[in-house]
Amino acid sequence: MKPNEKIMAMLKSTETQFTPPELTGEIKIPSVCVGASSGNRPFVMTNKEQLKTLGYPTNGLVDNWKEVFLKKMAEMLDKYRSVKLFLKICSKCGNCADKCHFFLGSGDPMNMPVARQDLMRKVYKRYFTFSGMLGLPGFNNLLDTAELSEELLVLWYTYFYQCTECRRCSVFCPYGIDTAEITMAAREILNSIGLVQKNAHVLVNNEITTGNNFRMSPLAFVDIIESIEDDLREETGIDIKIPIDKHGADVLMVLPSADYFAPVNIESLNGYAKVFHQAGISWTLSSYAADGANFGLFVHNYENMKLINSRIWKASRELGVKRVIAGECGHMYRVMSSYSNTMNGPFDWLSPKYPIPQHICEFTLDLIKRGALKFDKTANDHLTPTMHDSCQIARGSAFGGKFGQFEIPRAIIRATCNKFVEMDEDTIREKTFCCGAGGGLLGDEQLPVKLRGATPRMQAYTKVKRENGVNFITSICAYCKVQFTHLLPHFGYTEEEVGGVHKLVSDSIILGVKNI
Amino acid sequence: MQISVHMLLNVAVYSLLYISTVVFIIGVWYQISDILKSPNPLVISQNPQSDKMSGVIRRMAGDLFLFTSLSKGDRYLWINGLIMHVTLAILMGFHLFGLVSYLAERGNYIHISPEIMGFLSTIASIIGVIFIVSLIMLMIKRSNDEKSAYYTKFFDYFIILLIFMIGVTGVFMKISSFSPDLPAVKSFMIGAFTFHSKPVPLNMFFITHIALVSILLIVFPFTKLIHAVGFFFSPTRNMPNNPREVRHINVWDTNNGD
Ligand code: SF4
Ligand code: SF4
Ligand code: SF4
């Protein structure tokens, strides 16, 4: 049998169904259960054209995969200090072991961040250090090293796709070891030998070829936005514009495509539009950079990420705007704020008066503080919101100072709602739990994994729901929102219980009367 | 006959000391240069992180001296880990003090009364015992907790046992009936540092102590112990979070897309 046929058979999921546990409101550390989450794997990409665009092998696992594997791994080690250093210095203290939502949700020891890193560390020790190279295969257990084998590939493909790259583990690590960095490198190594995860990479491909996740033409984009504009006019009776490709506008607004596709997210888009309308600041979307979401973040493939990102800045130059504002999306904002400047900067054509890019929450709160926006808080009285900090923003980027990413959205919620309740301290802010579907874990075939990953967040939510009557999860990440609308029903809640910060703005803002 | 065995022993101890020191220095140097060979292409500070270097230094000092990040998780691990490292640092300080004070006294720069020396020695013993106890506590946690039992392998036990034995032999030397001849120890150590060979004090605990420390020095650069050095290079902790204001340059991609 060719290596590819063999591995494809091994990569078939054996677990496709999963019933989430009963919600008690308590996050318990499970007892170790070997293999509890070993049966679920994402689909492998087979579309040759897409694989070619992405620059990966097109016929599945390549025949000389061991060679390619080690070459790519050497490249990762040379390019990323994080990966090399983190493989070297883990002291196995174990502080991260019970911090991963996938471990908490499954009890599978391979989902302990330290064990996940070990999957790569064993290979590193075996092939890239003196001790490992000296060691005979028989001593693998003693030296804690591993030979390359098909079985190992299966473990890699399984557990590096049960990490949402949320960085929660790194908060607790004495040396700041970030498992996400290792996961990203591991995925790129798997990609290079032909084992490409399908769902996230379809989006990377779409973003490269068409500039958005949904392969829309610019015309289709204009259509969708116009229909949202129409609905907005009907709802408010006011002519609130959502301009597209307007040259010379002040602001280029960058959205994740979910913001005009998914109903929960559209409510946030309405919020942005109302804020711009009320503040009287001219703004525009770009049909060329219609989607700021960048799934290139989730693998260490710098070139693809950079290419996708470059559209935003080209559009901003083309349209002659003064500043760029990012909508509510975690990984989009992380790439835009933390990586753009390095990859595609410096952006001399934008005004240095504003942060490049600015986050929409920064923008809105600033207007609120200056008295430019007024709210009727009672419009949100049917809601008791809580705040789910999105990991890519909470731990991966920042705005408005060191703790701005926590304080600013909360300040907006307080300005637009009478009620607000925090979840347990251990589950918010820098210690926030992931929604369970970040890091490119998009496909429905991974539902069991996602449900397990969402369990800690759901427990924390259940607690405040029962004790404080909370009935709404606010988030500033497009994918958290989509994920929650998907998963909440599995836990017995309704999909209306989630929305963006700008949905609250949208529902309570007083339009018409100009305040400045 | 007695003399020649002693001579052999001398040669063995001295070679072990020198070889291990050389391996240690070259090993650490190799690891640092290996780490520095790979650049940080992007800003990956683990937020919330200060956007200023002063804030970054404050955070890292907290992690270095108080194990702040560790304290966010398991309290038992934090307390014992902290005690272990702090007592280790103090004990190393005592060793240094012993040598320096010996030199200073020999050169008639200072005179420390035997009472003070005795008092310091008692303190050192107590700290040594605390050190050993904290190691035992850590070992118990490692083997009893089913999570850590899963990822703990031979070398993790080996290292903790090695350090434990170094502590135990050290403390035993404080018991008068096992203790070596102190002036002989000091002149031997000074000899080792100044490349003037002096006879090794014939004391089981002392020789074992020295041998184990040498082994520790040899494995230090090539095992997880390198965390003591690597800590300072961790990009998630030592990068200020200011990518919007200051353009970070990726050395392997300087083409900005234009
Ligand atoms: S980055 Fe998040 S998902 Fe990945 S191992 Fe760490 S805690 Fe788990
Ligand atoms: S917390 Fe850090 S050092 Fe400790 S086991 Fe986890 S990754 Fe390793
Ligand atoms: S979707 Fe949201 S919670 Fe999930 S990984 Fe992304 S930012 Fe984090």
# chains A, B, ... in the order shown; residues from 1 in each chain; ligands from 1
>>> interface_residues(of="chain B", to="chain A", cutoff="6 Å", atoms="only C-alpha atoms", output="short mmCIF file (atom, residue, chain, number, x, y, z; two decimals) with all heavy atoms, in the first residue's frame")
data_model
loop_
_atom_site.label_atom_id
_atom_site.label_comp_id
_atom_site.auth_asym_id
_atom_site.auth_seq_id
_atom_site.Cartn_x
_atom_site.Cartn_y
_atom_site.Cartn_z
N SER B 38 17.80 31.83 15.81
CA SER B 38 16.44 31.95 15.28
C SER B 38 15.86 33.29 15.70
O SER B 38 15.88 33.62 16.87
CB SER B 38 15.56 30.83 15.82
OG SER B 38 16.13 29.60 15.53
N PRO B 39 15.34 34.05 14.75
CA PRO B 39 14.81 35.37 15.09
C PRO B 39 13.34 35.30 15.53
O PRO B 39 12.71 34.24 15.44
CB PRO B 39 14.91 36.11 13.76
CG PRO B 39 14.73 35.04 12.74
CD PRO B 39 15.28 33.77 13.31
N ASN B 40 12.83 36.41 16.00
CA ASN B 40 11.40 36.54 16.25
C ASN B 40 10.79 37.28 15.08
O ASN B 40 10.93 38.49 14.97
CB ASN B 40 11.16 37.35 17.53
CG ASN B 40 11.46 36.54 18.76
OD1 ASN B 40 11.05 35.39 18.88
ND2 ASN B 40 12.18 37.13 19.69
N GLN B 46 2.66 37.94 25.12
CA GLN B 46 1.44 37.35 25.67
C GLN B 46 0.76 38.42 26.52
O GLN B 46 1.23 38.80 27.56
CB GLN B 46 1.79 36.11 26.48
CG GLN B 46 0.60 35.45 27.12
CD GLN B 46 0.78 35.38 28.60
OE1 GLN B 46 1.79 34.93 29.10
NE2 GLN B 46 -0.21 35.87 29.34
N ASN B 47 -0.36 38.90 26.03
CA ASN B 47 -1.04 40.03 26.66
C ASN B 47 -1.90 39.56 27.82
O ASN B 47 -2.26 38.40 27.88
CB ASN B 47 -1.88 40.75 25.61
CG ASN B 47 -0.98 41.35 24.56
OD1 ASN B 47 0.07 41.85 24.87
ND2 ASN B 47 -1.40 41.27 23.31
N PRO B 48 -2.24 40.47 28.73
CA PRO B 48 -1.86 41.86 28.79
C PRO B 48 -0.38 42.05 29.10
O PRO B 48 0.12 41.51 30.07
CB PRO B 48 -2.71 42.42 29.93
CG PRO B 48 -3.22 41.26 30.67
CD PRO B 48 -3.21 40.09 29.77
N GLN B 49 0.25 42.83 28.23
CA GLN B 49 1.67 43.09 28.37
C GLN B 49 1.88 44.59 28.21
O GLN B 49 1.19 45.23 27.42
CB GLN B 49 2.42 42.33 27.28
CG GLN B 49 3.86 42.74 27.05
CD GLN B 49 4.79 42.03 28.01
OE1 GLN B 49 4.55 41.97 29.22
NE2 GLN B 49 5.86 41.47 27.51
N SER B 50 2.83 45.12 28.94
CA SER B 50 3.09 46.55 28.85
C SER B 50 3.66 46.88 27.47
O SER B 50 4.27 46.05 26.82
CB SER B 50 4.08 46.95 29.93
OG SER B 50 4.54 48.25 29.69
N SER B 69 3.61 34.05 37.35
CA SER B 69 2.75 33.27 36.46
C SER B 69 2.42 31.92 37.06
O SER B 69 1.29 31.44 36.96
CB SER B 69 3.42 33.07 35.10
OG SER B 69 3.72 34.30 34.52
N LEU B 70 3.40 31.33 37.69
CA LEU B 70 3.17 30.03 38.32
C LEU B 70 2.11 30.17 39.40
O LEU B 70 1.25 29.30 39.56
CB LEU B 70 4.49 29.52 38.92
CG LEU B 70 4.58 28.04 39.26
CD1 LEU B 70 4.36 27.20 38.01
CD2 LEU B 70 5.93 27.71 39.86
N LYS B 72 -0.45 31.84 39.45
CA LYS B 72 -1.82 31.93 38.95
C LYS B 72 -2.47 30.56 38.88
O LYS B 72 -3.67 30.45 38.72
CB LYS B 72 -1.83 32.58 37.57
CG LYS B 72 -1.49 34.04 37.59
CD LYS B 72 -1.39 34.60 36.17
CE LYS B 72 -0.86 36.02 36.20
NZ LYS B 72 -0.40 36.47 34.88
N PHE B 154 11.75 9.31 32.71
CA PHE B 154 12.96 8.97 33.45
C PHE B 154 13.82 10.17 33.81
O PHE B 154 14.22 10.36 34.96
CB PHE B 154 13.77 7.95 32.62
CG PHE B 154 15.16 7.74 33.15
CD1 PHE B 154 15.37 6.93 34.26
CD2 PHE B 154 16.25 8.35 32.54
CE1 PHE B 154 16.65 6.74 34.75
CE2 PHE B 154 17.52 8.17 33.03
CZ PHE B 154 17.73 7.36 34.14
N LYS B 224 16.11 19.87 30.52
CA LYS B 224 15.16 20.94 30.82
C LYS B 224 15.73 21.98 31.79
O LYS B 224 15.16 23.05 31.93
CB LYS B 224 13.90 20.32 31.39
CG LYS B 224 14.13 19.63 32.73
CD LYS B 224 12.82 19.08 33.25
CE LYS B 224 12.97 18.58 34.67
NZ LYS B 224 11.71 18.11 35.23
N ILE B 226 17.93 23.88 31.35
CA ILE B 226 18.28 25.07 30.59
C ILE B 226 17.18 26.13 30.68
O ILE B 226 17.36 27.26 30.24
CB ILE B 226 18.58 24.69 29.10
CG1 ILE B 226 19.33 25.81 28.37
CG2 ILE B 226 17.35 24.33 28.35
CD1 ILE B 226 20.73 26.03 28.82
N HIS B 227 16.08 25.78 31.31
CA HIS B 227 15.02 26.79 31.48
C HIS B 227 15.54 28.02 32.24
O HIS B 227 15.06 29.12 32.05
CB HIS B 227 13.80 26.21 32.20
CG HIS B 227 14.00 25.87 33.64
ND1 HIS B 227 14.21 24.58 34.09
CD2 HIS B 227 14.04 26.63 34.76
CE1 HIS B 227 14.36 24.57 35.40
NE2 HIS B 227 14.27 25.81 35.85
N PHE B 231 14.59 31.22 30.00
CA PHE B 231 13.58 32.13 30.52
C PHE B 231 13.75 33.55 29.98
O PHE B 231 12.79 34.19 29.57
CB PHE B 231 13.66 32.14 32.05
CG PHE B 231 12.91 33.26 32.71
CD1 PHE B 231 11.54 33.16 32.91
CD2 PHE B 231 13.55 34.43 33.09
CE1 PHE B 231 10.84 34.21 33.50
CE2 PHE B 231 12.86 35.48 33.68
CZ PHE B 231 11.50 35.36 33.88
N THR B 236 7.30 35.58 24.34
CA THR B 236 5.98 35.96 24.83
C THR B 236 6.08 36.87 26.06
O THR B 236 5.15 37.58 26.38
CB THR B 236 5.15 34.73 25.22
OG1 THR B 236 5.96 33.89 26.03
CG2 THR B 236 4.71 33.96 24.01
N PRO B 243 3.20 46.78 18.76
CA PRO B 243 3.37 46.61 17.31
C PRO B 243 2.69 47.69 16.49
O PRO B 243 3.09 47.94 15.36
CB PRO B 243 2.75 45.24 17.03
CG PRO B 243 1.81 45.01 18.15
CD PRO B 243 2.40 45.70 19.34
N ARG B 244 1.66 48.32 17.03
CA ARG B 244 0.99 49.36 16.25
C ARG B 244 1.85 50.62 16.18
O ARG B 244 1.80 51.35 15.22
CB ARG B 244 -0.38 49.70 16.86
CG ARG B 244 -1.39 48.58 16.71
CD ARG B 244 -2.81 49.06 16.99
NE ARG B 244 -3.04 49.41 18.39
CZ ARG B 244 -4.21 49.81 18.87
NH1 ARG B 244 -5.25 49.91 18.07
NH2 ARG B 244 -4.35 50.10 20.14
N ARG B 247 7.36 49.66 14.47
CA ARG B 247 7.36 48.59 13.48
C ARG B 247 8.45 47.57 13.81
O ARG B 247 9.63 47.88 13.81
CB ARG B 247 7.56 49.16 12.08
CG ARG B 247 7.51 48.08 11.03
CD ARG B 247 7.38 48.63 9.62
NE ARG B 247 7.33 47.50 8.71
CZ ARG B 247 8.23 47.27 7.76
NH1 ARG B 247 9.19 48.12 7.55
NH2 ARG B 247 8.13 46.20 7.00
N HIS B 248 8.01 46.35 14.11
CA HIS B 248 8.95 45.28 14.37
C HIS B 248 9.44 44.73 13.03
O HIS B 248 8.65 44.49 12.13
CB HIS B 248 8.25 44.18 15.18
CG HIS B 248 9.07 42.96 15.40
ND1 HIS B 248 9.98 42.87 16.42
CD2 HIS B 248 9.14 41.78 14.73
CE1 HIS B 248 10.58 41.69 16.36
NE2 HIS B 248 10.08 41.02 15.36
N ILE B 249 10.74 44.54 12.91
CA ILE B 249 11.28 44.08 11.63
C ILE B 249 11.49 42.57 11.66
O ILE B 249 12.08 42.01 12.59
CB ILE B 249 12.63 44.76 11.33
CG1 ILE B 249 12.48 46.29 11.31
CG2 ILE B 249 13.20 44.25 10.00
CD1 ILE B 249 11.65 46.83 10.18
N ASN B 256 8.22 44.75 2.24
CA ASN B 256 6.93 45.06 2.84
C ASN B 256 5.76 45.03 1.86
O ASN B 256 4.74 45.66 2.06
CB ASN B 256 6.98 46.39 3.58
CG ASN B 256 7.17 47.56 2.64
OD1 ASN B 256 7.33 47.35 1.44
ND2 ASN B 256 7.17 48.76 3.17
N GLY B 257 5.92 44.25 0.81
CA GLY B 257 4.75 43.99 -0.02
C GLY B 257 4.54 44.99 -1.15
O GLY B 257 3.71 44.78 -2.01
#
>>> residues_near_ligand(ligand="ligand 3", cutoff="9 Å", atoms="only C-alpha atoms and all ligand atoms", output="PyMOL selection string")
chain A and resi 164-166+329-331+388-394+432-441+475-483
>>> residues_around(residues="Trp29 of chain B", least_positions_apart="4", cutoff="12 Å", atoms="only C-alpha atoms", output="PyMOL selection string")
chain B and resi 22-25+33-36+220-222+226+229-230
>>> write_last_selection(atoms="N, CA and C atoms", output="compact mmCIF listing (two decimals), in the first residue's frame")
# COMPACT_ATOMS: atom_id res chain seq x y z
N VAL B 22 33.89 22.82 31.86
CA VAL B 22 34.04 23.15 30.45
C VAL B 22 32.77 22.78 29.68
N VAL B 23 32.24 21.58 29.94
CA VAL B 23 31.00 21.17 29.26
C VAL B 23 29.88 22.15 29.57
N PHE B 24 29.80 22.56 30.82
CA PHE B 24 28.75 23.49 31.23
C PHE B 24 28.86 24.81 30.45
N ILE B 25 30.07 25.35 30.42
CA ILE B 25 30.23 26.65 29.77
C ILE B 25 29.99 26.55 28.27
N SER B 33 23.57 30.60 21.78
CA SER B 33 23.77 31.00 20.39
C SER B 33 22.76 30.30 19.48
N ASP B 34 22.38 29.08 19.85
CA ASP B 34 21.36 28.37 19.06
C ASP B 34 20.02 29.10 19.14
N ILE B 35 19.71 29.58 20.34
CA ILE B 35 18.45 30.31 20.51
C ILE B 35 18.50 31.61 19.71
N LEU B 36 19.63 32.30 19.81
CA LEU B 36 19.73 33.60 19.15
C LEU B 36 19.78 33.48 17.63
N PHE B 220 23.20 19.96 32.71
CA PHE B 220 22.45 21.23 32.73
C PHE B 220 22.13 21.80 31.34
N PRO B 221 23.10 21.96 30.46
CA PRO B 221 22.77 22.61 29.19
C PRO B 221 21.90 21.76 28.27
N PHE B 222 21.86 20.47 28.50
CA PHE B 222 21.20 19.59 27.51
C PHE B 222 19.88 19.03 28.00
N ILE B 226 17.93 23.88 31.35
CA ILE B 226 18.28 25.07 30.59
C ILE B 226 17.18 26.13 30.68
N VAL B 229 18.20 29.54 31.81
CA VAL B 229 18.79 30.47 30.85
C VAL B 229 17.72 30.92 29.84
N GLY B 230 16.96 29.95 29.35
CA GLY B 230 15.99 30.23 28.29
C GLY B 230 14.92 31.21 28.72
>>> residues_around(residues="Ala315 of chain A", least_positions_apart="3", cutoff="7 Å", atoms="only C-alpha atoms", output="ChimeraX atom specification")
/A:286,288-289,311-312,318-319
>>> residues_around(residues="His95 of chain B", least_positions_apart="5", cutoff="12 Å", atoms="only C-alpha atoms", output="PyMOL selection string")
chain B and resi 88-90+100-102+120-121+124+128+170+185-186+189
>>> residues_around(residues="segment 260-271 of chain A", least_positions_apart="6", cutoff="7 Å", atoms="only C-alpha atoms", output="list in words")
Ala478, Lys481, Gly499, Gly500, His502, Lys503, Val505 and Ser506 of chain A
>>> write_last_selection(atoms="all heavy atoms", output="short mmCIF file (atom, residue, chain, number, x, y, z; two decimals), in the first residue's frame")
data_model
loop_
_atom_site.label_atom_id
_atom_site.label_comp_id
_atom_site.auth_asym_id
_atom_site.auth_seq_id
_atom_site.Cartn_x
_atom_site.Cartn_y
_atom_site.Cartn_z
N ALA A 478 -16.14 37.65 15.89
CA ALA A 478 -17.13 37.13 14.97
C ALA A 478 -17.27 35.61 15.09
O ALA A 478 -18.36 35.05 15.00
CB ALA A 478 -16.74 37.49 13.54
N LYS A 481 -19.07 34.35 18.21
CA LYS A 481 -20.52 34.51 18.06
C LYS A 481 -21.09 33.38 17.21
O LYS A 481 -22.10 32.76 17.58
CB LYS A 481 -20.85 35.85 17.41
CG LYS A 481 -20.55 37.05 18.28
CD LYS A 481 -20.87 38.34 17.54
CE LYS A 481 -19.75 39.33 17.60
NZ LYS A 481 -19.88 40.43 16.64
N GLY A 499 -24.32 37.70 21.25
CA GLY A 499 -24.26 38.82 20.32
C GLY A 499 -23.05 39.69 20.59
O GLY A 499 -22.36 39.52 21.58
N GLY A 500 -22.83 40.62 19.68
CA GLY A 500 -21.66 41.48 19.82
C GLY A 500 -21.93 42.67 20.72
O GLY A 500 -23.07 43.00 21.03
N HIS A 502 -21.50 45.62 19.80
CA HIS A 502 -22.19 46.63 19.00
C HIS A 502 -23.64 46.29 18.69
O HIS A 502 -24.35 47.13 18.15
CB HIS A 502 -21.39 46.95 17.73
CG HIS A 502 -20.30 47.93 18.01
ND1 HIS A 502 -19.12 47.54 18.58
CD2 HIS A 502 -20.24 49.28 17.86
CE1 HIS A 502 -18.35 48.62 18.76
NE2 HIS A 502 -19.01 49.68 18.33
N LYS A 503 -24.05 45.11 19.03
CA LYS A 503 -25.49 44.83 18.97
C LYS A 503 -26.17 45.64 20.09
O LYS A 503 -27.23 46.24 19.88
CB LYS A 503 -25.79 43.34 19.16
CG LYS A 503 -27.27 43.06 19.34
CD LYS A 503 -27.51 41.78 20.10
CE LYS A 503 -28.86 41.72 20.78
NZ LYS A 503 -30.02 41.87 19.92
N VAL A 505 -25.05 48.34 21.36
CA VAL A 505 -25.00 49.73 20.92
C VAL A 505 -26.14 49.99 19.94
O VAL A 505 -26.90 50.94 20.08
CB VAL A 505 -23.64 50.03 20.25
CG1 VAL A 505 -23.66 51.40 19.58
CG2 VAL A 505 -22.50 49.93 21.25
N SER A 506 -26.27 49.09 18.98
CA SER A 506 -27.27 49.24 17.92
C SER A 506 -28.68 49.36 18.50
O SER A 506 -29.48 50.16 18.05
CB SER A 506 -27.17 48.05 16.97
OG SER A 506 -28.24 48.04 16.07
#
>>> atom_distance(atom1="atom CA of Ser148 of chain B", atom2="atom CA of Pro235 of chain B")
25.9 Å
>>> atom_distance(atom1="atom CA of Leu488 of chain A", atom2="atom CA of Ile408 of chain A")
26.0 Å
>>> residues_around(residues="Gly60 of chain A", least_positions_apart="6", cutoff="8 Å", atoms="only C-alpha atoms", output="list in words")
Asn4, Thr46, Ile193, Gly194 and Leu195 of chain A
>>> write_last_selection(atoms="all heavy atoms", output="JSON list (two decimals), in the first residue's frame")
[["chain", "number", "residue", "atom", "x", "y", "z"],
["A", 4, "ASN", "N", 0.24, 7.03, 1.31],
["A", 4, "ASN", "CA", -0.93, 7.90, 1.38],
["A", 4, "ASN", "C", -2.22, 7.14, 1.68],
["A", 4, "ASN", "O", -3.00, 7.52, 2.55],
["A", 4, "ASN", "CB", -1.07, 8.68, 0.06],
["A", 4, "ASN", "CG", -2.20, 9.69, 0.16],
["A", 4, "ASN", "OD1", -2.36, 10.35, 1.17],
["A", 4, "ASN", "ND2", -3.00, 9.77, -0.89],
["A", 46, "THR", "N", -8.52, 17.60, -0.29],
["A", 46, "THR", "CA", -8.11, 16.81, -1.45],
["A", 46, "THR", "C", -8.21, 17.59, -2.75],
["A", 46, "THR", "O", -7.73, 17.12, -3.78],
["A", 46, "THR", "CB", -8.98, 15.54, -1.58],
["A", 46, "THR", "OG1", -10.34, 15.93, -1.50],
["A", 46, "THR", "CG2", -8.67, 14.53, -0.50],
["A", 193, "ILE", "N", 3.90, 17.99, 4.16],
["A", 193, "ILE", "CA", 3.99, 16.60, 3.71],
["A", 193, "ILE", "C", 2.69, 16.14, 3.06],
["A", 193, "ILE", "O", 2.56, 14.99, 2.64],
["A", 193, "ILE", "CB", 4.39, 15.63, 4.85],
["A", 193, "ILE", "CG1", 3.37, 15.67, 5.99],
["A", 193, "ILE", "CG2", 5.78, 15.94, 5.35],
["A", 193, "ILE", "CD1", 3.60, 14.60, 7.02],
["A", 194, "GLY", "N", 1.71, 17.02, 3.00],
["A", 194, "GLY", "CA", 0.49, 16.68, 2.27],
["A", 194, "GLY", "C", -0.72, 16.39, 3.12],
["A", 194, "GLY", "O", -1.77, 16.00, 2.60],
["A", 195, "LEU", "N", -0.61, 16.56, 4.44],
["A", 195, "LEU", "CA", -1.78, 16.34, 5.29],
["A", 195, "LEU", "C", -2.35, 17.70, 5.68],
["A", 195, "LEU", "O", -2.03, 18.27, 6.72],
["A", 195, "LEU", "CB", -1.41, 15.54, 6.54],
["A", 195, "LEU", "CG", -0.85, 14.14, 6.26],
["A", 195, "LEU", "CD1", -0.52, 13.44, 7.57],
["A", 195, "LEU", "CD2", -1.83, 13.30, 5.45]]
>>> select_by_dssp(residues="segment 7-110 of chain A", states="helix (DSSP H, G or I)", output="number ranges by chain")
A: 7-10, 48-54, 65-79, 81-89, 101-106, 109-110
>>> select_by_dssp(residues="segment 323-434 of chain A", states="strand (DSSP E)", output="list of chain:residue names")
A:Arg323, A:Val324, A:Ile325, A:Ala326, A:Gln358, A:His359, A:Pro385, A:Thr386, A:Met387
>>> write_last_selection(atoms="N, CA, C and O atoms", output="short mmCIF file (atom, residue, chain, number, x, y, z; two decimals), in the first residue's frame")
data_model
loop_
_atom_site.label_atom_id
_atom_site.label_comp_id
_atom_site.auth_asym_id
_atom_site.auth_seq_id
_atom_site.Cartn_x
_atom_site.Cartn_y
_atom_site.Cartn_z
N ARG A 323 -7.72 56.72 8.12
CA ARG A 323 -7.48 55.70 9.13
C ARG A 323 -8.24 54.42 8.83
O ARG A 323 -9.20 54.42 8.05
N VAL A 324 -7.79 53.36 9.49
CA VAL A 324 -8.39 52.04 9.29
C VAL A 324 -8.93 51.57 10.63
O VAL A 324 -8.25 51.65 11.64
N ILE A 325 -10.18 51.13 10.61
CA ILE A 325 -10.78 50.63 11.85
C ILE A 325 -11.18 49.17 11.64
O ILE A 325 -11.70 48.80 10.59
N ALA A 326 -10.91 48.36 12.66
CA ALA A 326 -11.21 46.94 12.58
C ALA A 326 -12.49 46.62 13.33
O ALA A 326 -12.71 47.11 14.44
N GLN A 358 -7.17 51.02 14.27
CA GLN A 358 -7.92 51.27 15.49
C GLN A 358 -8.96 50.17 15.63
O GLN A 358 -9.41 49.61 14.64
N HIS A 359 -9.33 49.87 16.86
CA HIS A 359 -10.40 48.88 17.06
C HIS A 359 -11.72 49.63 17.19
O HIS A 359 -11.78 50.71 17.77
N PRO A 385 -26.46 40.99 30.34
CA PRO A 385 -25.31 40.46 29.62
C PRO A 385 -24.13 40.12 30.52
O PRO A 385 -24.00 40.65 31.62
N THR A 386 -23.31 39.24 30.01
CA THR A 386 -22.00 38.98 30.60
C THR A 386 -21.01 39.10 29.46
O THR A 386 -21.41 39.16 28.30
N MET A 387 -19.71 39.15 29.78
CA MET A 387 -18.74 39.35 28.71
C MET A 387 -17.84 38.15 28.56
O MET A 387 -17.19 37.71 29.50
#
>>> atom_distance(atom1="atom CA of Val204 of chain A", atom2="atom CA of Thr53 of chain A")
9.6 Å
>>> closest_residue(among="B:Met204, B:Ile210, B:Ile130, B:Val56", to="Thr87 of chain B", atoms="only C-alpha atoms")
B:Ile130
